[in-house]
Every structure is written in structure tokens, then in C-alpha cells.
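Coordinates from final_3.tsv are shown below (TSV, C-alpha atoms).
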chain	number	residue	atom	x	y	z
U	1	MET	CA	-67.76	-17.50	41.77
U	2	GLU	CA	-69.75	-14.48	42.89
U	3	THR	CA	-71.60	-12.73	40.05
U	4	LEU	CA	-70.04	-9.26	40.24
U	5	ARG	CA	-66.60	-10.74	40.67
U	6	ALA	CA	-67.17	-12.86	37.56
U	7	ILE	CA	-68.27	-9.78	35.59
U	8	PHE	CA	-65.29	-7.68	36.62
U	9	THR	CA	-62.58	-10.36	36.37
U	10	ARG	CA	-63.71	-11.98	33.10
U	11	ARG	CA	-61.25	-11.55	30.23
U	12	SER	CA	-61.36	-12.58	26.58
U	13	ILE	CA	-59.18	-15.70	26.59
U	14	ARG	CA	-57.56	-16.48	23.24
U	15	ALA	CA	-54.76	-18.88	24.28
U	16	TYR	CA	-55.70	-22.33	25.54
U	17	THR	CA	-54.01	-25.45	26.93
U	18	ASP	CA	-54.58	-28.90	25.37
U	19	GLU	CA	-56.83	-29.99	28.21
U	20	PRO	CA	-60.26	-31.11	26.96
U	21	ILE	CA	-63.48	-29.68	28.39
U	22	ASP	CA	-65.49	-31.85	30.77
U	23	PRO	CA	-68.68	-32.76	28.81
U	24	GLN	CA	-70.84	-31.91	31.82
U	25	ILE	CA	-69.35	-28.44	32.02
U	26	LEU	CA	-69.90	-27.89	28.31
U	27	HIS	CA	-73.49	-29.01	28.81
U	28	GLN	CA	-73.86	-26.39	31.55
U	29	LEU	CA	-72.62	-23.72	29.16
U	30	LEU	CA	-75.36	-24.66	26.71
U	31	GLU	CA	-77.97	-24.52	29.45
U	32	VAL	CA	-76.84	-21.05	30.54
U	33	ALA	CA	-76.89	-19.99	26.88
U	34	GLN	CA	-80.57	-20.64	26.55
U	35	ALA	CA	-81.36	-19.13	29.96
U	36	ALA	CA	-81.11	-15.70	28.28
U	37	SER	CA	-84.19	-13.58	27.58
U	38	SER	CA	-85.49	-12.92	24.09
U	39	GLY	CA	-88.26	-10.66	22.82
U	40	GLY	CA	-91.54	-12.48	23.31
U	41	ASN	CA	-89.49	-15.46	24.52
U	42	VAL	CA	-89.18	-16.61	20.89
U	43	GLN	CA	-85.60	-17.81	21.41
U	44	PRO	CA	-84.57	-17.10	17.80
U	45	TRP	CA	-81.41	-19.15	18.00
U	46	GLY	CA	-79.62	-22.45	17.54
U	47	PHE	CA	-76.15	-23.48	18.74
U	48	VAL	CA	-73.75	-25.78	16.89
U	49	VAL	CA	-70.91	-27.15	19.01
U	50	VAL	CA	-67.73	-28.00	17.10
U	51	GLN	CA	-65.26	-30.21	18.97
U	52	SER	CA	-63.78	-32.64	16.47
U	53	PRO	CA	-60.10	-31.69	16.00
U	54	LYS	CA	-60.36	-31.97	12.22
U	55	ARG	CA	-63.44	-29.80	12.07
U	56	LEU	CA	-61.97	-27.29	14.53
U	57	ALA	CA	-58.97	-26.91	12.20
U	58	ALA	CA	-61.30	-26.36	9.23
U	59	LEU	CA	-63.37	-23.85	11.20
U	60	ARG	CA	-60.23	-21.93	12.12
U	61	ALA	CA	-59.32	-21.74	8.44
U	62	LEU	CA	-62.70	-20.05	7.82
U	63	SER	CA	-62.37	-17.76	10.83
U	64	PRO	CA	-59.51	-15.24	11.01
U	65	GLY	CA	-60.86	-14.22	14.41
U	66	ILE	CA	-60.02	-17.58	16.02
U	67	ILE	CA	-56.46	-17.13	17.17
U	68	GLY	CA	-55.59	-19.91	19.63
U	69	THR	CA	-56.58	-23.57	19.60
U	70	PRO	CA	-59.80	-23.84	21.61
U	71	ALA	CA	-61.12	-27.22	22.74
U	72	ALA	CA	-64.57	-26.31	21.48
U	73	VAL	CA	-66.34	-23.61	19.52
U	74	ILE	CA	-69.99	-22.82	20.13
U	75	CYS	CA	-71.42	-21.28	16.95
U	76	LEU	CA	-74.37	-19.03	17.77
U	77	CYS	CA	-76.86	-18.93	14.92
U	78	LEU	CA	-79.86	-16.69	14.30
U	79	ASP	CA	-83.15	-18.22	13.19
U	80	GLN	CA	-84.59	-15.50	10.97
U	81	GLU	CA	-88.06	-17.02	10.77
U	82	ARG	CA	-88.43	-16.91	14.53
U	83	ALA	CA	-86.82	-13.46	14.74
U	84	ILE	CA	-89.19	-11.95	12.18
U	85	ALA	CA	-92.22	-13.74	13.66
U	86	PHE	CA	-91.63	-11.75	16.83
U	87	GLY	CA	-90.22	-8.46	15.74
U	88	GLY	CA	-91.19	-7.94	12.09
U	89	ASP	CA	-88.71	-5.73	10.25
U	90	GLU	CA	-86.85	-4.96	13.47
U	91	GLY	CA	-86.87	-8.59	14.57
U	92	GLU	CA	-83.43	-9.36	13.26
U	93	GLN	CA	-81.78	-6.46	15.13
U	94	ILE	CA	-83.54	-7.47	18.34
U	95	ALA	CA	-82.38	-11.04	17.77
U	96	TRP	CA	-78.77	-9.81	17.56
U	97	LEU	CA	-79.31	-8.14	20.91
U	98	SER	CA	-80.74	-11.39	22.34
U	99	LEU	CA	-77.75	-13.31	21.03
U	100	GLY	CA	-75.62	-10.83	22.95
U	101	LEU	CA	-77.47	-11.81	26.14
U	102	VAL	CA	-76.80	-15.47	25.32
U	103	THR	CA	-73.14	-14.72	24.72
U	104	GLN	CA	-72.57	-12.92	28.00
U	105	ASN	CA	-74.19	-15.78	29.93
U	106	VAL	CA	-71.76	-18.22	28.30
U	107	LEU	CA	-68.71	-15.98	28.79
U	108	LEU	CA	-69.47	-15.41	32.47
U	109	ALA	CA	-70.34	-19.04	33.21
U	110	ALA	CA	-67.19	-20.28	31.44
U	111	HIS	CA	-65.11	-17.93	33.58
U	112	ALA	CA	-66.96	-18.88	36.77
U	113	LEU	CA	-66.35	-22.58	35.98
U	114	GLY	CA	-62.60	-22.08	35.48
U	115	LEU	CA	-62.63	-22.04	31.68
U	116	GLY	CA	-61.76	-19.25	29.30
U	117	ALA	CA	-63.82	-18.03	26.36
U	118	CYS	CA	-63.75	-15.41	23.64
U	119	PRO	CA	-66.43	-14.04	21.31
U	120	VAL	CA	-65.34	-14.11	17.66
U	121	ALA	CA	-67.17	-12.09	15.00
U	122	SER	CA	-64.56	-12.33	12.24
U	123	PHE	CA	-65.32	-15.36	10.07
U	124	HIS	CA	-66.45	-16.12	6.52
U	125	LYS	CA	-70.24	-16.17	6.86
U	126	GLY	CA	-71.02	-18.07	3.67
U	127	GLY	CA	-68.26	-20.61	4.28
U	128	VAL	CA	-69.31	-21.20	7.86
U	129	SER	CA	-72.98	-21.59	6.84
U	130	LEU	CA	-72.01	-24.32	4.40
U	131	PHE	CA	-69.58	-25.91	6.84
U	132	LEU	CA	-72.24	-26.15	9.56
U	133	GLY	CA	-74.99	-27.16	7.12
U	134	LEU	CA	-77.27	-24.32	8.18
U	135	PRO	CA	-80.79	-24.15	6.74
U	136	GLU	CA	-81.63	-21.16	4.55
U	137	CYS	CA	-83.41	-19.25	7.33
U	138	VAL	CA	-80.49	-19.65	9.75
U	139	SER	CA	-77.27	-17.60	9.75
U	140	PRO	CA	-74.12	-17.70	11.86
U	141	VAL	CA	-73.80	-14.61	14.07
U	142	LEU	CA	-70.98	-15.24	16.51
U	143	MET	CA	-68.58	-17.94	17.60
U	144	ILE	CA	-67.56	-18.46	21.18
U	145	THR	CA	-64.23	-20.23	21.56
U	146	VAL	CA	-63.87	-22.19	24.81
U	147	GLY	CA	-61.03	-23.99	26.53
U	148	HIS	CA	-58.74	-24.04	29.54
U	149	PRO	CA	-56.88	-20.72	29.71
U	150	ALA	CA	-53.15	-20.76	28.94
U	151	VAL	CA	-52.68	-17.00	29.14
U	152	ARG	CA	-54.87	-14.55	30.99
U	153	PRO	CA	-54.39	-11.11	29.46
U	154	PRO	CA	-54.81	-7.87	31.41
U	155	SER	CA	-57.93	-5.80	30.85
U	156	PRO	CA	-57.68	-3.63	27.71
U	157	GLY	CA	-59.18	-0.83	29.82
U	158	ARG	CA	-62.41	1.09	29.46
U	159	ARG	CA	-63.46	4.67	28.69
U	160	HIS	CA	-64.04	6.95	31.69
U	161	LEU	CA	-67.49	6.41	33.13
U	162	SER	CA	-68.04	10.18	32.97
U	163	ASP	CA	-67.63	10.05	29.16
U	164	ILE	CA	-70.36	7.47	28.64
U	165	VAL	CA	-72.87	7.81	31.51
U	166	PHE	CA	-75.25	10.76	31.61
U	167	ALA	CA	-78.08	11.84	33.89
U	168	GLU	CA	-81.51	12.46	32.35
U	169	HIS	CA	-80.08	13.96	29.11
U	170	TRP	CA	-77.13	13.01	26.89
U	171	GLY	CA	-74.16	15.15	27.88
U	172	HIS	CA	-75.37	15.99	31.40
U	173	PRO	CA	-72.93	14.78	34.08
U	174	TYR	CA	-74.15	11.80	36.02
U	175	GLU	CA	-72.38	12.59	39.26
I	1	MET	CA	-74.89	-14.50	44.55
I	2	GLU	CA	-73.08	-17.27	42.71
I	3	THR	CA	-72.83	-16.66	38.95
I	4	LEU	CA	-74.65	-19.75	37.64
I	5	ARG	CA	-77.36	-19.33	40.22
I	6	ALA	CA	-77.82	-15.71	39.12
I	7	ILE	CA	-78.08	-16.81	35.48
I	8	PHE	CA	-80.65	-19.53	36.16
I	9	THR	CA	-82.80	-17.66	38.69
I	10	ARG	CA	-82.89	-14.25	36.95
I	11	ARG	CA	-86.34	-13.24	35.73
I	12	SER	CA	-87.59	-10.23	33.78
I	13	ILE	CA	-89.10	-8.09	36.55
I	14	ARG	CA	-91.81	-5.70	35.36
I	15	ALA	CA	-93.56	-4.83	38.66
I	16	TYR	CA	-91.69	-2.72	41.21
I	17	THR	CA	-92.20	-1.36	44.72
I	18	ASP	CA	-91.83	2.37	45.49
I	19	GLU	CA	-88.47	1.87	47.18
I	20	PRO	CA	-85.73	3.99	45.59
I	21	ILE	CA	-82.45	2.49	44.39
I	22	ASP	CA	-79.35	3.08	46.51
I	23	PRO	CA	-77.16	5.41	44.39
I	24	GLN	CA	-74.09	3.26	45.07
I	25	ILE	CA	-75.85	0.18	43.74
I	26	LEU	CA	-76.97	2.06	40.63
I	27	HIS	CA	-73.38	3.16	40.17
I	28	GLN	CA	-72.29	-0.49	40.34
I	29	LEU	CA	-74.79	-1.35	37.61
I	30	LEU	CA	-73.18	1.27	35.36
I	31	GLU	CA	-69.73	-0.12	36.09
I	32	VAL	CA	-70.79	-3.67	35.23
I	33	ALA	CA	-72.42	-2.31	32.06
I	34	GLN	CA	-69.14	-1.06	30.72
I	35	ALA	CA	-67.25	-4.17	31.82
I	36	ALA	CA	-68.66	-5.92	28.73
I	37	SER	CA	-66.48	-6.71	25.72
I	38	SER	CA	-66.83	-4.96	22.39
I	39	GLY	CA	-65.20	-5.60	19.02
I	40	GLY	CA	-61.77	-3.96	19.10
I	41	ASN	CA	-62.70	-2.63	22.56
I	42	VAL	CA	-64.29	0.40	20.86
I	43	GLN	CA	-67.12	0.52	23.41
I	44	PRO	CA	-69.63	1.96	20.93
I	45	TRP	CA	-72.10	3.00	23.59
I	46	GLY	CA	-73.42	5.61	25.98
I	47	PHE	CA	-75.90	5.22	28.83
I	48	VAL	CA	-78.49	7.78	29.92
I	49	VAL	CA	-79.98	7.19	33.37
I	50	VAL	CA	-83.50	8.54	33.85
I	51	GLN	CA	-84.64	8.79	37.48
I	52	SER	CA	-86.63	12.00	37.83
I	53	PRO	CA	-90.28	10.99	38.43
I	54	LYS	CA	-91.56	13.51	35.89
I	55	ARG	CA	-89.16	12.34	33.23
I	56	LEU	CA	-89.84	8.68	34.03
I	57	ALA	CA	-93.55	9.33	33.42
I	58	ALA	CA	-92.76	11.00	30.09
I	59	LEU	CA	-90.44	8.16	29.11
I	60	ARG	CA	-93.17	5.63	29.88
I	61	ALA	CA	-95.54	7.54	27.60
I	62	LEU	CA	-92.99	7.07	24.77
I	63	SER	CA	-92.38	3.41	25.61
I	64	PRO	CA	-95.25	0.92	25.40
I	65	GLY	CA	-92.79	-1.75	26.58
I	66	ILE	CA	-92.38	-0.17	30.04
I	67	ILE	CA	-95.20	-1.74	32.02
I	68	GLY	CA	-94.56	-1.15	35.74
I	69	THR	CA	-93.17	1.92	37.52
I	70	PRO	CA	-89.39	1.40	37.72
I	71	ALA	CA	-87.25	3.59	40.00
I	72	ALA	CA	-84.79	4.12	37.16
I	73	VAL	CA	-84.40	3.42	33.47
I	74	ILE	CA	-80.98	2.96	31.92
I	75	CYS	CA	-81.21	3.87	28.23
I	76	LEU	CA	-78.55	2.03	26.23
I	77	CYS	CA	-77.50	4.01	23.19
I	78	LEU	CA	-75.37	3.06	20.21
I	79	ASP	CA	-72.65	5.39	19.00
I	80	GLN	CA	-72.65	4.78	15.25
I	81	GLU	CA	-69.38	6.61	14.60
I	82	ARG	CA	-67.52	4.32	16.98
I	83	ALA	CA	-69.38	1.24	15.71
I	84	ILE	CA	-68.52	1.93	12.08
I	85	ALA	CA	-64.94	2.87	12.93
I	86	PHE	CA	-64.44	-0.67	14.16
I	87	GLY	CA	-66.65	-2.84	12.00
I	88	GLY	CA	-67.34	-0.90	8.80
I	89	ASP	CA	-70.67	-1.89	7.24
I	90	GLU	CA	-71.13	-4.69	9.75
I	91	GLY	CA	-70.13	-2.50	12.66
I	92	GLU	CA	-73.65	-1.61	13.64
I	93	GLN	CA	-74.78	-5.24	13.87
I	94	ILE	CA	-71.74	-6.10	15.95
I	95	ALA	CA	-72.51	-3.11	18.17
I	96	TRP	CA	-76.02	-4.48	18.78
I	97	LEU	CA	-74.40	-7.72	19.87
I	98	SER	CA	-72.05	-5.81	22.20
I	99	LEU	CA	-75.00	-3.94	23.68
I	100	GLY	CA	-76.49	-7.37	24.39
I	101	LEU	CA	-73.39	-8.22	26.42
I	102	VAL	CA	-73.78	-4.94	28.32
I	103	THR	CA	-77.45	-5.71	28.96
I	104	GLN	CA	-76.87	-9.17	30.36
I	105	ASN	CA	-74.20	-7.84	32.74
I	106	VAL	CA	-76.71	-5.29	34.08
I	107	LEU	CA	-79.58	-7.80	34.33
I	108	LEU	CA	-77.47	-10.33	36.20
I	109	ALA	CA	-75.85	-7.79	38.52
I	110	ALA	CA	-79.24	-6.22	39.35
I	111	HIS	CA	-80.57	-9.65	40.26
I	112	ALA	CA	-77.46	-10.54	42.27
I	113	LEU	CA	-77.79	-7.25	44.19
I	114	GLY	CA	-81.45	-7.87	45.09
I	115	LEU	CA	-82.99	-5.63	42.43
I	116	GLY	CA	-85.13	-6.53	39.47
I	117	ALA	CA	-84.68	-5.42	35.88
I	118	CYS	CA	-86.23	-5.88	32.47
I	119	PRO	CA	-84.97	-5.18	28.95
I	120	VAL	CA	-87.45	-3.11	26.92
I	121	ALA	CA	-87.18	-2.84	23.15
I	122	SER	CA	-90.62	-1.39	22.44
I	123	PHE	CA	-90.40	2.40	22.44
I	124	HIS	CA	-90.71	5.29	20.00
I	125	LYS	CA	-87.16	5.68	18.71
I	126	GLY	CA	-87.50	9.18	17.32
I	127	GLY	CA	-89.35	10.43	20.38
I	128	VAL	CA	-86.85	8.92	22.78
I	129	SER	CA	-83.90	10.36	20.81
I	130	LEU	CA	-85.40	13.85	21.16
I	131	PHE	CA	-86.34	13.29	24.79
I	132	LEU	CA	-82.80	12.23	25.71
I	133	GLY	CA	-81.18	14.88	23.51
I	134	LEU	CA	-79.11	12.34	21.60
I	135	PRO	CA	-76.54	13.60	19.07
I	136	GLU	CA	-77.12	12.65	15.44
I	137	CYS	CA	-74.67	9.74	15.48
I	138	VAL	CA	-76.24	8.18	18.59
I	139	SER	CA	-79.44	6.13	18.67
I	140	PRO	CA	-81.40	4.47	21.48
I	141	VAL	CA	-81.22	0.67	21.29
I	142	LEU	CA	-82.68	-0.71	24.50
I	143	MET	CA	-83.99	0.43	27.83
I	144	ILE	CA	-83.36	-1.45	31.05
I	145	THR	CA	-85.96	-0.77	33.73
I	146	VAL	CA	-84.66	-1.23	37.27
I	147	GLY	CA	-86.25	-1.25	40.71
I	148	HIS	CA	-87.08	-3.33	43.74
I	149	PRO	CA	-89.16	-6.33	42.64
I	150	ALA	CA	-92.83	-6.38	43.67
I	151	VAL	CA	-93.71	-9.54	41.74
I	152	ARG	CA	-91.34	-12.26	40.66
I	153	PRO	CA	-92.90	-14.12	37.74
I	154	PRO	CA	-92.20	-17.79	36.98
I	155	SER	CA	-89.91	-18.63	34.08
I	156	PRO	CA	-91.75	-18.49	30.73
I	157	GLY	CA	-89.94	-21.74	29.88
I	158	ARG	CA	-87.45	-22.58	27.16
I	159	ARG	CA	-87.33	-24.79	24.06
I	160	HIS	CA	-85.91	-28.29	24.53
I	161	LEU	CA	-82.14	-28.23	24.42
I	162	SER	CA	-82.25	-31.03	21.83
I	163	ASP	CA	-84.16	-28.70	19.46
I	164	ILE	CA	-81.54	-25.97	19.52
I	165	VAL	CA	-78.16	-27.56	20.27
I	166	PHE	CA	-76.40	-29.60	17.60
I	167	ALA	CA	-73.07	-31.41	17.35
I	168	GLU	CA	-70.71	-30.47	14.53
I	169	HIS	CA	-73.55	-29.94	11.99
I	170	TRP	CA	-76.95	-28.29	12.24
I	171	GLY	CA	-79.56	-31.00	12.85
I	172	HIS	CA	-77.13	-33.59	14.28
I	173	PRO	CA	-78.06	-34.60	17.84
I	174	TYR	CA	-75.73	-33.22	20.46
I	175	GLU	CA	-76.12	-36.04	22.96

Would you mind writing the structure in this file as C-alpha cells?
Amino acid sequence: METLRAIFTRRSIRAYTDEPIDPQILHQLLEVAQAASSGGNVQPWGFVVVQSPKRLAALRALSPGIIGTPAAVICLCLDQERAIAFGGDEGEQIAWLSLGLVTQNVLLAAHALGLGACPVASFHKGGVSLFLGLPECVSPVLMITVGHPAVRPPSPGRRHLSDIVFAEHWGHPYE
Amino acid sequence: METLRAIFTRRSIRAYTDEPIDPQILHQLLEVAQAASSGGNVQPWGFVVVQSPKRLAALRALSPGIIGTPAAVICLCLDQERAIAFGGDEGEQIAWLSLGLVTQNVLLAAHALGLGACPVASFHKGGVSLFLGLPECVSPVLMITVGHPAVRPPSPGRRHLSDIVFAEHWGHPYE
């Protein structure tokens, strides 16, 4: 799928069919994840893939934000040691930004490959850390649910471009 | 350009030719920016486009991270009121993540459209806020430099997938 088409037609998919994900396609999603940039190329991240039905059910119990029944959840985690090594006090914020780059790569690639995905930020951080067995310097930042789309919702819409894009100074019309 | 190809072949472009950016293409980059998801679809962002040569020179003086001479800089700003309205105390972190989604859309679209772009996090926040005339509740988060690529650097490489991807539990081999 062409890049701009993927960007404009991507939707957050929350309802999935029972169909499993081809392991090769899931592998591609992990490769696109780490193709994202990070400050100083420190790659302050780790990804835990949950696919076992029992563990998916437990993860859903810890995560109010997971609504449907995805075939897999990719848990994006932040490695604080690496983040701080690059950015000092601001390293963690910059790492959140980098994890956003990772996320968008996965969301777009999933859509381009015929899957659906949704970023989920609402989960019990302490519970998920224990559940995934994260080391002390690692914390869960975002989950990406993935599966074959059952329902493709319409776009929730966006603000007018003229309300958010400015030329040279905030508040000056762009066009 | 096909989506996965765009993801894998994108590079951070820091050296640009003098060629200006077609206004329609720049407009497309702003449309893809706002096509990103945000928690609760609050879109806690605003974008200031700097293109005037004088102002670009001043912006570079405030931003050690801008190395080459881009034709335009898109300054991504976070609207704290909107961020907090959605996510409470955690709203600002989630907004950083959302701005990462915005960024990756712009980076990929620029590449797909034959331009080059680079995310820049190193700049004087207070100085840039004044320079852009940002309201009190808005802060600059990231700049994206954009232009026609003069030099296309090789990939800086990535960690081994086996060091960052785990199955079910952190530390358990994925494959």
C-alpha cells in the first residue's frame, strides 16, 4: 500500500476476528518497530509480544484500554538507563517521543499488510510490569493490539487545519 | 512509495540543497501530521511552519540540533490544556507519545514524496517559545527540518532483534 494512502486510511481497529496472525507478518511488524529513529540512535526500548490466549486474557484484565480480542499485543517498554544515558534529565521525555515513532511505524505497517492495530495507553502499569517480568529500569509505555479487523470504524475527524497550523508565529494564518 | 519500503529506507536527512519545497507538498505534510491518533482524539498539538530565510537563520541560532540549511522547519508544539483535559497527570506524557505518531507520519511522507526530513530535539525551549510567540499553555516539543536531500547517509544500524524482542515475558527469546 502506498505510504500516503496508508497514513490517511489507517484507523484504530479495536474489533478483531479469530484469525491468527501469520508469524512472518508479526516478525515484519517488529522489524518496522525498530526501524524508527531515536535520539543518538540509543534505541531506548524493548518489545514484549503476548500471544498465548491465557496470557492475553490476563493482560486484558490488567488493561481497561484493550476492548476487543486481539490475536497479539506488542507491549512497548522504555529502557530508562538507555534513555537517560542519551538525554539526561530530558531523556525520558525524548524516549516517549521515540516510542511514538516506533508506534506509528507499527500501526501503518499493520494497516498496509491488511491487519488492524490500536495503541492502548490505559493499563495498570505496576501490574503489567510484574506480569511481563520487566527489570527495574524498564517500564511499560504503550500496548499495541493487533489482529485481523472485524469492524473498521469511520474516522473520528480532526480539528480544522487552520486552527492548528500557523505560519512563522503561533496564531498567524498559514494560508 | 510503498509503506514498508518507506519505513525501511527512510533516513534522517540533515544536509539539504537550495531547492524550495513545493507549497502543495508542504501542505500534504501538514495534513499527514494531523492524521495521527491521539488519546481521546484530543489532538493536543499545534504546528508552526518557519520558512522565511531570516527566521530560519534565527531559529538555527536557537537550535544546536539543526545542522544543515533546511527549506522549512515544522515546529511541533504541545497544547498542555488539551493534553491534561484528556489524560490528567499522565496527559502530558501521552501527548509526547502522540507527537511521536505525528512526527513519524511527517518523516515517512516527506521521504515518500522525495524530500528529506530530520527530527530535532536539541533547541533552547524558552528561546523558541518566545521566538514562535507561543501562548503560556503551549510548549515546543520537537522540530522537523525538511528540504530536498543533498546527502543521504547510511543507516546508523540497529540493535539485534533478539536483544529487544521477547515472547510473553521480558528476557524470553522470541524465536

At most 8 Å is the cut-off: for each residue in chain I with any atom that close to an atom of chain U, write down the nearest atom pair and the distance in Å rounded to one decimal, counting only C-alpha atoms, chain first then increasing number, as a Markdown table.
| residue | atom | partner | partner_atom | distance |
| --- | --- | --- | --- | --- |
| I:Met1 | CA | U:Glu2 | CA | 5.4 |
| I:Glu2 | CA | U:Glu2 | CA | 4.3 |
| I:Thr3 | CA | U:Thr3 | CA | 4.3 |
| I:Leu4 | CA | U:Ala109 | CA | 6.2 |
| I:Ala6 | CA | U:Thr3 | CA | 7.0 |
| I:Ile7 | CA | U:Val32 | CA | 6.6 |
| I:Phe8 | CA | U:Ala35 | CA | 6.3 |
| I:Ser12 | CA | U:Ser37 | CA | 7.8 |
| I:Leu30 | CA | U:Val165 | CA | 7.6 |
| I:Glu31 | CA | U:Leu161 | CA | 7.5 |
| I:Val32 | CA | U:Ile7 | CA | 6.6 |
| I:Gln34 | CA | U:Arg158 | CA | 7.2 |
| I:Ala35 | CA | U:Phe8 | CA | 6.3 |
| I:Ala36 | CA | U:Ile7 | CA | 7.9 |
| I:Ser37 | CA | U:Ser12 | CA | 7.8 |
| I:Gly39 | CA | U:Ala121 | CA | 7.9 |
| I:Asn41 | CA | U:Pro156 | CA | 7.3 |
| I:Gln43 | CA | U:Arg159 | CA | 7.6 |
| I:Trp45 | CA | U:Ile164 | CA | 7.0 |
| I:Gly46 | CA | U:Ile164 | CA | 4.5 |
| I:Phe47 | CA | U:Val165 | CA | 4.8 |
| I:Val48 | CA | U:Phe166 | CA | 4.7 |
| I:Val49 | CA | U:Ala167 | CA | 5.1 |
| I:Val50 | CA | U:Glu168 | CA | 4.6 |
| I:Gln51 | CA | U:Glu168 | CA | 7.0 |
| I:Ser52 | CA | U:Glu168 | CA | 7.5 |
| I:Arg55 | CA | U:Glu168 | CA | 7.7 |
| I:Gln93 | CA | U:Trp96 | CA | 7.1 |
| I:Ile94 | CA | U:Ala121 | CA | 7.6 |
| I:Trp96 | CA | U:Leu97 | CA | 5.4 |
| I:Leu97 | CA | U:Gly100 | CA | 4.5 |
| I:Ser98 | CA | U:Gly100 | CA | 6.2 |
| I:Leu99 | CA | U:Leu97 | CA | 6.6 |
| I:Gly100 | CA | U:Gly100 | CA | 3.8 |
| I:Leu101 | CA | U:Gly100 | CA | 4.9 |
| I:Thr103 | CA | U:Leu101 | CA | 6.7 |
| I:Gln104 | CA | U:Leu101 | CA | 5.0 |
| I:Asn105 | CA | U:Ile7 | CA | 6.9 |
| I:Leu108 | CA | U:Thr3 | CA | 7.4 |
| I:Ala109 | CA | U:Leu4 | CA | 6.2 |
| I:Ala112 | CA | U:Thr3 | CA | 6.6 |
| I:Ala121 | CA | U:Ile94 | CA | 7.6 |
| I:Phe131 | CA | U:His169 | CA | 7.6 |
| I:Leu132 | CA | U:His169 | CA | 4.7 |
| I:Gly133 | CA | U:Trp170 | CA | 5.6 |
| I:Leu134 | CA | U:Trp170 | CA | 5.7 |
| I:Pro135 | CA | U:Trp170 | CA | 7.9 |
| I:Pro156 | CA | U:Asn41 | CA | 7.3 |
| I:Arg158 | CA | U:Gln34 | CA | 7.2 |
| I:Arg159 | CA | U:Gln43 | CA | 7.7 |
| I:Leu161 | CA | U:Glu31 | CA | 7.5 |
| I:Asp163 | CA | U:Gly46 | CA | 8.0 |
| I:Ile164 | CA | U:Gly46 | CA | 4.5 |
| I:Val165 | CA | U:Phe47 | CA | 4.8 |
| I:Phe166 | CA | U:Val48 | CA | 4.7 |
| I:Ala167 | CA | U:Val49 | CA | 5.1 |
| I:Glu168 | CA | U:Val50 | CA | 4.6 |
| I:His169 | CA | U:Leu132 | CA | 4.7 |
| I:Trp170 | CA | U:Gly133 | CA | 5.6 |
| I:Tyr174 | CA | U:Val49 | CA | 7.9 |

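The coordinates place atom CA of Gly91 of chain U at 24.6 Å from atom CA of Pro153 of chain I.
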
Practice task
For atom CA of Glu19 of chain I and atom CA of His148 of chain I, quote the distance in Å rounded to one decimal.
Solution key: 6.4 Å

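Using only C-alpha atoms, the nearest neighbour of His124 of chain I within the list I:Thr17, I:Ser63, I:Ser139, I:Gln24 is I:Ser63.
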
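Atom pair atom CA of Ala72 of chain U / atom CA of Gly147 of chain U: separated by 6.6 Å.
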
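When all atoms listed in the file are used to compute distances to Leu115 of chain I, the closest of the residues I:Ala71, I:Ala58, I:Met143, I:Leu78 turns out to be I:Ala71.
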
List the neighbours of Arg14 of chain I out to 9 Å using all atoms listed in the file; skip same-chain residues closer than 5 positions along the sequence, and give me the result as a CSV table (one decimal) with C-alpha atoms, in the coordinates of the input.
chain,number,residue,atom,x,y,z
I,66,ILE,CA,-92.4,-0.2,30.0
I,67,ILE,CA,-95.2,-1.7,32.0
I,68,GLY,CA,-94.6,-1.2,35.7
I,69,THR,CA,-93.2,1.9,37.5
I,70,PRO,CA,-89.4,1.4,37.7
I,116,GLY,CA,-85.1,-6.5,39.5
I,117,ALA,CA,-84.7,-5.4,35.9
I,118,CYS,CA,-86.2,-5.9,32.5
I,145,THR,CA,-86.0,-0.8,33.7
I,146,VAL,CA,-84.7,-1.2,37.3
I,147,GLY,CA,-86.2,-1.2,40.7
I,149,PRO,CA,-89.2,-6.3,42.6
I,150,ALA,CA,-92.8,-6.4,43.7
I,151,VAL,CA,-93.7,-9.5,41.7
I,152,ARG,CA,-91.3,-12.3,40.7
I,153,PRO,CA,-92.9,-14.1,37.7
